[in-house]
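Engineer: Structure: coords_0.pdb, PDB, C-alpha atoms.
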```
MODEL        1
ATOM      1  CA  MET A 881      98.418 154.853  82.578
ATOM      2  CA  GLU A 882      99.540 158.456  82.098
ATOM      3  CA  LEU A 883     101.800 158.583  79.073
ATOM      4  CA  PRO A 884     105.436 158.976  80.170
ATOM      5  CA  THR A 885     107.846 161.124  78.155
ATOM      6  CA  PRO A 886     109.792 159.094  75.559
ATOM      7  CA  PRO A 887     112.160 157.451  75.249
ATOM      8  CA  TYR A 888     111.015 154.395  77.154
ATOM      9  CA  TYR A 889     110.512 150.741  76.165
ATOM     10  CA  ALA A 890     107.634 148.530  75.067
ATOM     11  CA  VAL A 891     107.679 144.742  75.219
ATOM     12  CA  ILE A 892     105.144 143.403  72.730
ATOM     13  CA  PHE A 893     104.178 139.840  73.560
ATOM     14  CA  SER A 894     101.841 138.163  71.055
ATOM     15  CA  SER A 895     100.806 134.578  71.658
ATOM     16  CA  LEU A 896      98.716 131.706  70.427
ATOM     17  CA  LEU A 897      97.446 129.466  73.199
ATOM     18  CA  SER A 898      97.644 125.692  72.987
ATOM     19  CA  GLU A 899      94.799 123.518  74.194
ATOM     20  CA  GLN A 900      96.543 122.930  77.523
ATOM     21  CA  THR A 901      95.404 126.037  79.339
ATOM     22  CA  GLU A 902      95.066 124.674  82.862
ATOM     23  CA  GLY A 903      96.573 127.219  85.238
ATOM     24  CA  TYR A 904      97.139 129.749  82.453
ATOM     25  CA  LYS A 905      94.599 132.374  83.450
ATOM     26  CA  GLU A 906      95.697 132.501  87.084
ATOM     27  CA  ALA A 907      99.372 132.678  86.137
ATOM     28  CA  SER A 908      98.651 135.390  83.577
ATOM     29  CA  GLN A 909      96.857 137.553  86.144
ATOM     30  CA  ARG A 910      99.587 136.892  88.690
ATOM     31  CA  MET A 911     102.310 137.908  86.210
ATOM     32  CA  ILE A 912     100.517 141.184  85.414
ATOM     33  CA  ALA A 913     100.215 141.953  89.139
ATOM     34  CA  LEU A 914     103.842 140.997  89.759
ATOM     35  CA  ALA A 915     105.141 143.017  86.799
ATOM     36  CA  GLY A 916     103.282 145.985  88.250
ATOM     37  CA  ILE A 917     105.507 146.104  91.318
ATOM     38  CA  GLN A 918     108.854 145.751  89.504
ATOM     39  CA  PRO A 919     111.248 148.710  89.355
ATOM     40  CA  GLY A 920     110.931 150.598  86.088
ATOM     41  CA  PHE A 921     107.442 149.277  85.253
ATOM     42  CA  LEU A 922     105.322 151.944  83.556
ATOM     43  CA  GLY A 923     102.118 150.160  82.559
ATOM     44  CA  VAL A 924     100.554 147.227  80.720
ATOM     45  CA  ASP A 925      97.759 146.648  78.197
ATOM     46  CA  SER A 926      96.360 143.270  77.266
ATOM     47  CA  ALA A 927      93.692 141.898  74.943
ATOM     48  CA  ARG A 928      92.883 138.318  74.033
ATOM     49  CA  GLU A 929      90.527 137.228  71.280
ATOM     50  CA  GLN A 930      89.951 133.498  71.549
ATOM     51  CA  ASP A 931      93.372 131.849  71.416
ATOM     52  CA  PHE A 932      95.306 134.862  70.118
ATOM     53  CA  GLY A 933      96.434 137.546  72.543
ATOM     54  CA  ILE A 934      98.606 140.641  72.668
ATOM     55  CA  THR A 935     100.127 142.012  75.868
ATOM     56  CA  VAL A 936     102.217 145.171  75.753
ATOM     57  CA  SER A 937     104.166 146.163  78.845
ATOM     58  CA  TYR A 938     105.986 149.482  79.124
ATOM     59  CA  TRP A 939     109.277 149.965  80.947
ATOM     60  CA  ARG A 940     111.636 152.776  81.832
ATOM     61  CA  ASP A 941     114.742 151.115  80.369
ATOM     62  CA  LEU A 942     116.277 147.851  79.135
ATOM     63  CA  GLN A 943     117.702 147.065  82.581
ATOM     64  CA  SER A 944     114.180 146.949  84.043
ATOM     65  CA  ILE A 945     113.075 144.534  81.302
ATOM     66  CA  GLU A 946     116.103 142.313  81.882
ATOM     67  CA  ALA A 947     115.479 142.251  85.645
ATOM     68  CA  TRP A 948     111.825 141.299  85.109
ATOM     69  CA  ASN A 949     112.757 138.590  82.595
ATOM     70  CA  THR A 950     114.983 136.918  85.154
ATOM     71  CA  GLN A 951     112.664 137.322  88.173
ATOM     72  CA  ALA A 952     112.263 133.857  89.749
ATOM     73  CA  GLU A 953     108.480 133.500  89.624
ATOM     74  CA  HIS A 954     108.428 134.927  86.110
ATOM     75  CA  LEU A 955     111.070 132.421  84.981
ATOM     76  CA  GLU A 956     108.876 129.600  86.277
ATOM     77  CA  ALA A 957     105.867 131.008  84.367
ATOM     78  CA  GLN A 958     108.003 131.253  81.211
ATOM     79  CA  ARG A 959     108.964 127.599  81.623
ATOM     80  CA  MET A 960     105.297 126.577  81.979
ATOM     81  CA  GLY A 961     104.392 128.760  79.022
ATOM     82  CA  LYS A 962     106.839 126.975  76.745
ATOM     83  CA  GLN A 963     106.064 123.549  78.116
ATOM     84  CA  ARG A 964     102.277 123.807  78.086
ATOM     85  CA  TRP A 965     100.298 126.962  77.497
ATOM     86  CA  TYR A 966     101.600 128.393  74.247
ATOM     87  CA  ARG A 967     101.522 126.951  70.780
ATOM     88  CA  GLU A 968     103.679 129.897  69.741
ATOM     89  CA  PHE A 969     104.632 133.367  70.834
ATOM     90  CA  ARG A 970     106.621 136.323  69.648
ATOM     91  CA  ILE A 971     108.386 138.982  71.654
ATOM     92  CA  HIS A 972     109.381 142.366  70.276
ATOM     93  CA  ILE A 973     111.475 144.628  72.469
ATOM     94  CA  SER A 974     111.153 148.148  71.181
ATOM     95  CA  ARG A 975     112.132 151.681  72.102
ATOM     96  CA  VAL A 976     109.210 154.104  72.193
ATOM     97  CA  GLU A 977     110.112 157.229  70.281
ATOM     98  CA  ARG A 978     106.755 158.977  70.107
ATOM     99  CA  ALA A 979     103.507 158.526  72.016
ATOM    100  CA  TYR A 980     100.234 160.356  71.887
ATOM    101  CA  GLU A 981      96.673 159.854  72.952
ATOM    102  CA  PHE A 982      93.177 160.937  72.070
ATOM    103  CA  THR A 983      90.237 161.247  74.430
ATOM    104  CA  ALA A 984      86.758 162.010  73.142
ATOM    105  CA  GLU A 985      85.192 164.868  75.005
ATOM    106  CA  HIS A 986      81.518 164.147  74.794
ATOM    107  CA  ARG A 987      81.209 160.369  75.028
TER     108      ARG A 987
ATOM    109  CA  MET B 982     104.677 136.975  59.437
ATOM    110  CA  GLU B 983     108.301 135.864  59.303
ATOM    111  CA  LEU B 984     110.280 137.963  61.765
ATOM    112  CA  PRO B 985     112.360 140.547  59.897
ATOM    113  CA  THR B 986     115.833 141.490  61.105
ATOM    114  CA  PRO B 987     115.812 144.505  63.463
ATOM    115  CA  PRO B 988     115.823 147.419  63.453
ATOM    116  CA  TYR B 989     112.310 148.050  62.177
ATOM    117  CA  TYR B 990     109.317 149.850  63.612
ATOM    118  CA  ALA B 991     106.158 148.901  65.525
ATOM    119  CA  VAL B 992     103.083 151.101  65.782
ATOM    120  CA  ILE B 993     101.123 150.079  68.873
ATOM    121  CA  PHE B 994      97.532 151.263  68.672
ATOM    122  CA  SER B 995      95.412 150.604  71.774
ATOM    123  CA  SER B 996      91.816 151.772  71.794
ATOM    124  CA  LEU B 997      88.594 151.864  73.744
ATOM    125  CA  LEU B 998      85.503 151.822  71.546
ATOM    126  CA  SER B 999      82.598 154.186  72.107
ATOM    127  CA  GLU B1000      79.021 152.989  71.746
ATOM    128  CA  GLN B1001      78.811 154.385  68.217
ATOM    129  CA  THR B1002      80.344 151.464  66.361
ATOM    130  CA  GLU B1003      78.323 151.606  63.143
ATOM    131  CA  GLY B1004      80.737 151.109  60.252
ATOM    132  CA  TYR B1005      83.663 150.406  62.577
ATOM    133  CA  LYS B1006      84.197 146.737  61.837
ATOM    134  CA  GLU B1007      84.145 147.156  58.059
ATOM    135  CA  ALA B1008      86.499 150.140  58.220
ATOM    136  CA  SER B1009      88.832 148.271  60.556
ATOM    137  CA  GLN B1010      89.065 145.292  58.199
ATOM    138  CA  ARG B1011      89.497 147.619  55.226
ATOM    139  CA  MET B1012      92.337 149.486  56.966
ATOM    140  CA  ILE B1013      94.164 146.249  57.752
ATOM    141  CA  ALA B1014      93.855 145.155  54.108
ATOM    142  CA  LEU B1015      94.925 148.584  52.865
ATOM    143  CA  ALA B1016      97.889 148.791  55.261
ATOM    144  CA  GLY B1017      98.981 145.414  53.898
ATOM    145  CA  ILE B1018      99.646 146.824  50.434
ATOM    146  CA  GLN B1019     101.575 149.935  51.551
ATOM    147  CA  PRO B1020     105.310 150.201  50.882
ATOM    148  CA  GLY B1021     107.348 149.205  53.922
ATOM    149  CA  PHE B1022     104.548 147.224  55.591
ATOM    150  CA  LEU B1023     105.897 144.143  57.385
ATOM    151  CA  GLY B1024     102.892 142.689  59.229
ATOM    152  CA  VAL B1025     100.049 143.306  61.656
ATOM    153  CA  ASP B1026      98.579 141.660  64.746
ATOM    154  CA  SER B1027      95.273 142.557  66.315
ATOM    155  CA  ALA B1028      93.167 141.432  69.281
ATOM    156  CA  ARG B1029      90.011 142.950  70.720
ATOM    157  CA  GLU B1030      88.430 141.964  74.010
ATOM    158  CA  GLN B1031      85.021 143.598  74.294
ATOM    159  CA  ASP B1032      85.579 147.346  73.891
ATOM    160  CA  PHE B1033      89.357 147.321  74.405
ATOM    161  CA  GLY B1034      91.649 146.427  71.518
ATOM    162  CA  ILE B1035      95.315 146.383  70.602
ATOM    163  CA  THR B1036      96.595 146.474  67.032
ATOM    164  CA  VAL B1037     100.327 146.371  66.357
ATOM    165  CA  SER B1038     101.552 147.041  62.833
ATOM    166  CA  TYR B1039     105.181 146.587  61.824
ATOM    167  CA  TRP B1040     106.997 148.781  59.313
ATOM    168  CA  ARG B1041     110.389 148.978  57.656
ATOM    169  CA  ASP B1042     111.047 152.617  58.626
ATOM    170  CA  LEU B1043     109.489 155.871  59.879
ATOM    171  CA  GLN B1044     108.933 157.103  56.326
ATOM    172  CA  SER B1045     106.604 154.154  55.628
ATOM    173  CA  ILE B1046     104.612 154.940  58.777
ATOM    174  CA  GLU B1047     104.346 158.598  57.858
ATOM    175  CA  ALA B1048     103.176 157.749  54.333
ATOM    176  CA  TRP B1049     100.506 155.381  55.693
ATOM    177  CA  ASN B1050      99.345 157.962  58.240
ATOM    178  CA  THR B1051      98.684 160.451  55.480
ATOM    179  CA  GLN B1052      97.121 158.023  52.976
ATOM    180  CA  ALA B1053      93.763 159.517  51.907
ATOM    181  CA  GLU B1054      91.430 156.675  52.858
ATOM    182  CA  HIS B1055      93.280 156.178  56.130
ATOM    183  CA  LEU B1056      92.919 159.882  56.956
ATOM    184  CA  GLU B1057      89.175 159.590  56.452
ATOM    185  CA  ALA B1058      89.058 156.540  58.768
ATOM    186  CA  GLN B1059      91.074 158.474  61.370
ATOM    187  CA  ARG B1060      88.566 161.311  61.167
ATOM    188  CA  MET B1061      85.649 158.899  61.701
ATOM    189  CA  GLY B1062      87.540 157.228  64.531
ATOM    190  CA  LYS B1063      87.912 160.489  66.411
ATOM    191  CA  GLN B1064      84.419 161.670  65.630
ATOM    192  CA  ARG B1065      82.559 158.459  66.418
ATOM    193  CA  TRP B1066      84.158 155.106  67.039
ATOM    194  CA  TYR B1067      86.702 155.688  69.779
ATOM    195  CA  ARG B1068      86.212 156.840  73.327
ATOM    196  CA  GLU B1069      89.981 157.009  73.565
ATOM    197  CA  PHE B1070      93.090 155.650  71.938
ATOM    198  CA  ARG B1071      96.837 155.701  72.348
ATOM    199  CA  ILE B1072      99.530 155.370  69.739
ATOM    200  CA  HIS B1073     103.102 154.378  70.490
ATOM    201  CA  ILE B1074     105.627 154.544  67.682
ATOM    202  CA  SER B1075     108.589 152.394  68.615
ATOM    203  CA  ARG B1076     111.783 151.053  67.138
ATOM    204  CA  VAL B1077     112.145 147.282  67.384
ATOM    205  CA  GLU B1078     115.575 146.431  68.723
ATOM    206  CA  ARG B1079     115.186 142.713  69.414
ATOM    207  CA  ALA B1080     112.650 140.143  68.266
ATOM    208  CA  TYR B1081     112.357 136.437  68.883
ATOM    209  CA  GLU B1082     109.797 133.728  68.632
ATOM    210  CA  PHE B1083     108.934 130.377  70.100
ATOM    211  CA  THR B1084     107.087 127.548  68.378
ATOM    212  CA  ALA B1085     106.061 124.452  70.272
ATOM    213  CA  GLU B1086     107.139 121.314  68.495
ATOM    214  CA  HIS B1087     104.548 118.798  69.514
ATOM    215  CA  ARG B1088     101.298 120.705  69.810
TER     216      ARG B1088
ENDMDL
END
```
Here is the file; what I need is its structure written in the form of structure tokens.
Structural biologist:
Amino acid sequence: MELPTPPYYAVIFSSLLSEQTEGYKEASQRMIALAGIQPGFLGVDSAREQDFGITVSYWRDLQSIEAWNTQAEHLEAQRMGKQRWYREFRIHISRVERAYEFTAEHR
Amino acid sequence: MELPTPPYYAVIFSSLLSEQTEGYKEASQRMIALAGIQPGFLGVDSAREQDFGITVSYWRDLQSIEAWNTQAEHLEAQRMGKQRWYREFRIHISRVERAYEFTAEHR
């Protein structure tokens, strides 16, 4: 994504998968696609290394995050996540105060 | 890590590796160990999926982040990162306003 001008918000979701991962991958991809069409969505980054993953989604404001958290299909995925897919997870809601990027010129 | 009481700070570092990764892994592990003994350090999470990675470090305040960013060995690693290891990276400095966690009981 192009870096927006702060302030905006980052939701840092770090998770440890359980051994019951049936349906997880599809739901995860679906949630990323669905988040992408919500009002106030700015972008998302995700990386998983074996059972530990970090997904950071960026949002215009807290209202957008709240609306996404209570979206019906997302609520159902959250329920499945707690019931089956995750051994544990942590969510940090944070206000981006500074953002910068580096791009190598000759690689 | 145990979740501290907000507010505190999260530094979200997302990066795309170049093909020149000699020395990267050792430096990356060294930086995580070195960050861990800095004043104000609260914890770190990291996941890399092929060439894309996300590392989130948590800090007590902006002063701790600034001190870490200008630590001598870290400055040298930053220089190498720009010169060789990274094709691009983004840094978001954000203030954690809410944090919560979930732990499954029977898995």
Engineer: Restricting the calculation to only C-alpha atoms: of B:Leu1056, B:Leu984, B:Ala1028, B:Ile1018, which residue gets closest to chain A?
Structural biologist: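 Among B:Leu1056, B:Leu984, B:Ala1028, B:Ile1018, it is B:Ala1028 that comes nearest to chain A.
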Engineer: Counting all atoms listed in the file, which residues of chain B sit at most 6 Å from some atom of chain A, and what is each one's closest atom pair with its distance in Å to one decimal, listed by chain and rising residue number, as JSON lines?
Structural biologist:
```
{"residue": "B:Ala1028", "atom": "CA", "partner": "A:Glu929", "partner_atom": "CA", "distance": 5.4}
{"residue": "B:Arg1029", "atom": "CA", "partner": "A:Ala927", "partner_atom": "CA", "distance": 5.7}
{"residue": "B:Glu1030", "atom": "CA", "partner": "A:Ala927", "partner_atom": "CA", "distance": 5.3}
{"residue": "B:Arg1068", "atom": "CA", "partner": "A:Ala984", "partner_atom": "CA", "distance": 5.2}
{"residue": "B:Glu1069", "atom": "CA", "partner": "A:Thr983", "partner_atom": "CA", "distance": 4.3}
{"residue": "B:Phe1070", "atom": "CA", "partner": "A:Phe982", "partner_atom": "CA", "distance": 5.3}
{"residue": "B:Arg1071", "atom": "CA", "partner": "A:Glu981", "partner_atom": "CA", "distance": 4.2}
{"residue": "B:Ile1072", "atom": "CA", "partner": "A:Tyr980", "partner_atom": "CA", "distance": 5.5}
{"residue": "B:His1073", "atom": "CA", "partner": "A:Ala979", "partner_atom": "CA", "distance": 4.4}
{"residue": "B:Ile1074", "atom": "CA", "partner": "A:Arg978", "partner_atom": "CA", "distance": 5.2}
{"residue": "B:Ser1075", "atom": "CA", "partner": "A:Val976", "partner_atom": "CA", "distance": 4.0}
{"residue": "B:Arg1076", "atom": "CA", "partner": "A:Arg975", "partner_atom": "CA", "distance": 5.0}
{"residue": "B:Val1077", "atom": "CA", "partner": "A:Ser974", "partner_atom": "CA", "distance": 4.0}
{"residue": "B:Glu1078", "atom": "CA", "partner": "A:Ser974", "partner_atom": "CA", "distance": 5.3}
{"residue": "B:Arg1079", "atom": "CA", "partner": "A:Ile973", "partner_atom": "CA", "distance": 5.2}
{"residue": "B:Ala1080", "atom": "CA", "partner": "A:His972", "partner_atom": "CA", "distance": 4.4}
{"residue": "B:Tyr1081", "atom": "CA", "partner": "A:Ile971", "partner_atom": "CA", "distance": 5.5}
{"residue": "B:Glu1082", "atom": "CA", "partner": "A:Arg970", "partner_atom": "CA", "distance": 4.2}
{"residue": "B:Phe1083", "atom": "CA", "partner": "A:Glu968", "partner_atom": "CA", "distance": 5.3}
{"residue": "B:Thr1084", "atom": "CA", "partner": "A:Glu968", "partner_atom": "CA", "distance": 4.4}
{"residue": "B:Ala1085", "atom": "CA", "partner": "A:Arg967", "partner_atom": "CA", "distance": 5.2}
```
Engineer: Run through the PyMOL selection byres ((chain B and resi 1023) around 8) on the given coordinates and return the selected residues as a PyMOL selection string.
Structural biologist: chain B and resi 982+985+1017+1021-1022+1024-1025+1038-1041
Engineer: Specify the axis-aligned box that encloses all atoms of stretch 892-904 of chain A listed in the file after padding of 8 Å on each side, stating its centre and edge lengths in Å to one decimal as JSON.
Structural biologist:
```
{"center_x": 100.0, "center_y": 133.2, "center_z": 77.8, "size_x": 26.3, "size_y": 36.5, "size_z": 30.8}
```
Engineer: Quick one, how far is atom CA of A:Ala957 from atom CA of A:Glu882?
Structural biologist: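 One can read the atom CA of A:Ala957 to atom CA of A:Glu882 distance as 28.3 Å.
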Engineer: To one decimal in Å, tell me the separation between atom CA of B:Gln1052 and atom CA of B:Ala1016.
Structural biologist: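 Answer for the atom CA of B:Gln1052 to atom CA of B:Ala1016 separation: 9.5 Å.
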Engineer: Could you tell me how far atom CA of B:Gln1044 sits from atom CA of B:Leu1015, in Å to one decimal place?
Structural biologist: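 So the two atoms, atom CA of B:Leu1015 and atom CA of B:Gln1044, lie 16.8 Å apart.
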Engineer: Taking N, CA and C atoms as the atom set, what does stretch 1056-1082 of chain B look like once completed, written as a PDB file, in the frame of the given file?
Structural biologist:
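Saved as out-v1.pdb:
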```
ATOM      1  N   LEU B1056      93.242 158.601  56.304  1.00  0.00           N
ATOM      2  CA  LEU B1056      92.919 159.882  56.956  1.00  0.00           C
ATOM      3  C   LEU B1056      91.425 159.990  57.234  1.00  0.00           C
ATOM      4  N   GLU B1057      90.629 159.547  56.277  1.00  0.00           N
ATOM      5  CA  GLU B1057      89.175 159.590  56.452  1.00  0.00           C
ATOM      6  C   GLU B1057      88.746 158.652  57.598  1.00  0.00           C
ATOM      7  N   ALA B1058      89.366 157.474  57.670  1.00  0.00           N
ATOM      8  CA  ALA B1058      89.058 156.540  58.768  1.00  0.00           C
ATOM      9  C   ALA B1058      89.494 157.135  60.106  1.00  0.00           C
ATOM     10  N   GLN B1059      90.615 157.827  60.129  1.00  0.00           N
ATOM     11  CA  GLN B1059      91.074 158.474  61.370  1.00  0.00           C
ATOM     12  C   GLN B1059      90.074 159.536  61.824  1.00  0.00           C
ATOM     13  N   ARG B1060      89.547 160.277  60.857  1.00  0.00           N
ATOM     14  CA  ARG B1060      88.566 161.311  61.167  1.00  0.00           C
ATOM     15  C   ARG B1060      87.302 160.680  61.789  1.00  0.00           C
ATOM     16  N   MET B1061      86.825 159.593  61.171  1.00  0.00           N
ATOM     17  CA  MET B1061      85.649 158.899  61.701  1.00  0.00           C
ATOM     18  C   MET B1061      85.933 158.313  63.081  1.00  0.00           C
ATOM     19  N   GLY B1062      87.153 157.806  63.248  1.00  0.00           N
ATOM     20  CA  GLY B1062      87.540 157.228  64.531  1.00  0.00           C
ATOM     21  C   GLY B1062      87.445 158.247  65.654  1.00  0.00           C
ATOM     22  N   LYS B1063      87.949 159.437  65.389  1.00  0.00           N
ATOM     23  CA  LYS B1063      87.912 160.489  66.411  1.00  0.00           C
ATOM     24  C   LYS B1063      86.495 161.017  66.617  1.00  0.00           C
ATOM     25  N   GLN B1064      85.756 161.083  65.550  1.00  0.00           N
ATOM     26  CA  GLN B1064      84.419 161.670  65.630  1.00  0.00           C
ATOM     27  C   GLN B1064      83.417 160.706  66.252  1.00  0.00           C
ATOM     28  N   ARG B1065      83.583 159.416  65.997  1.00  0.00           N
ATOM     29  CA  ARG B1065      82.559 158.459  66.418  1.00  0.00           C
ATOM     30  C   ARG B1065      83.013 157.223  67.186  1.00  0.00           C
ATOM     31  N   TRP B1066      83.939 156.472  66.570  1.00  0.00           N
ATOM     32  CA  TRP B1066      84.158 155.106  67.039  1.00  0.00           C
ATOM     33  C   TRP B1066      84.901 154.974  68.357  1.00  0.00           C
ATOM     34  N   TYR B1067      85.850 155.879  68.603  1.00  0.00           N
ATOM     35  CA  TYR B1067      86.702 155.688  69.779  1.00  0.00           C
ATOM     36  C   TYR B1067      86.354 156.616  70.932  1.00  0.00           C
ATOM     37  N   ARG B1068      86.324 156.043  72.112  1.00  0.00           N
ATOM     38  CA  ARG B1068      86.212 156.840  73.327  1.00  0.00           C
ATOM     39  C   ARG B1068      87.602 157.402  73.643  1.00  0.00           C
ATOM     40  N   GLU B1069      88.604 156.541  73.471  1.00  0.00           N
ATOM     41  CA  GLU B1069      89.981 157.009  73.565  1.00  0.00           C
ATOM     42  C   GLU B1069      90.913 156.051  72.840  1.00  0.00           C
ATOM     43  N   PHE B1070      92.070 156.542  72.487  1.00  0.00           N
ATOM     44  CA  PHE B1070      93.090 155.650  71.938  1.00  0.00           C
ATOM     45  C   PHE B1070      94.468 156.210  72.233  1.00  0.00           C
ATOM     46  N   ARG B1071      95.441 155.325  72.150  1.00  0.00           N
ATOM     47  CA  ARG B1071      96.837 155.701  72.348  1.00  0.00           C
ATOM     48  C   ARG B1071      97.675 155.095  71.250  1.00  0.00           C
ATOM     49  N   ILE B1072      98.631 155.860  70.773  1.00  0.00           N
ATOM     50  CA  ILE B1072      99.530 155.370  69.739  1.00  0.00           C
ATOM     51  C   ILE B1072     100.967 155.501  70.232  1.00  0.00           C
ATOM     52  N   HIS B1073     101.673 154.382  70.165  1.00  0.00           N
ATOM     53  CA  HIS B1073     103.102 154.378  70.490  1.00  0.00           C
ATOM     54  C   HIS B1073     103.860 154.009  69.230  1.00  0.00           C
ATOM     55  N   ILE B1074     104.758 154.871  68.815  1.00  0.00           N
ATOM     56  CA  ILE B1074     105.627 154.544  67.682  1.00  0.00           C
ATOM     57  C   ILE B1074     106.981 154.149  68.256  1.00  0.00           C
ATOM     58  N   SER B1075     107.389 152.911  67.961  1.00  0.00           N
ATOM     59  CA  SER B1075     108.589 152.394  68.615  1.00  0.00           C
ATOM     60  C   SER B1075     109.497 151.663  67.636  1.00  0.00           C
ATOM     61  N   ARG B1076     110.762 151.658  67.980  1.00  0.00           N
ATOM     62  CA  ARG B1076     111.783 151.053  67.138  1.00  0.00           C
ATOM     63  C   ARG B1076     112.124 149.677  67.702  1.00  0.00           C
ATOM     64  N   VAL B1077     111.884 148.648  66.927  1.00  0.00           N
ATOM     65  CA  VAL B1077     112.145 147.282  67.384  1.00  0.00           C
ATOM     66  C   VAL B1077     113.645 147.041  67.421  1.00  0.00           C
ATOM     67  N   GLU B1078     114.137 146.657  68.593  1.00  0.00           N
ATOM     68  CA  GLU B1078     115.575 146.431  68.723  1.00  0.00           C
ATOM     69  C   GLU B1078     115.914 144.944  68.788  1.00  0.00           C
ATOM     70  N   ARG B1079     114.967 144.158  69.338  1.00  0.00           N
ATOM     71  CA  ARG B1079     115.186 142.713  69.414  1.00  0.00           C
ATOM     72  C   ARG B1079     113.859 142.022  69.179  1.00  0.00           C
ATOM     73  N   ALA B1080     113.881 140.894  68.496  1.00  0.00           N
ATOM     74  CA  ALA B1080     112.650 140.143  68.266  1.00  0.00           C
ATOM     75  C   ALA B1080     112.981 138.666  68.280  1.00  0.00           C
ATOM     76  N   TYR B1081     112.149 137.882  68.955  1.00  0.00           N
ATOM     77  CA  TYR B1081     112.357 136.437  68.883  1.00  0.00           C
ATOM     78  C   TYR B1081     111.040 135.729  69.004  1.00  0.00           C
ATOM     79  N   GLU B1082     111.047 134.465  68.611  1.00  0.00           N
ATOM     80  CA  GLU B1082     109.797 133.728  68.632  1.00  0.00           C
ATOM     81  C   GLU B1082     110.016 132.319  69.137  1.00  0.00           C
TER      82      GLU B1082
END
```
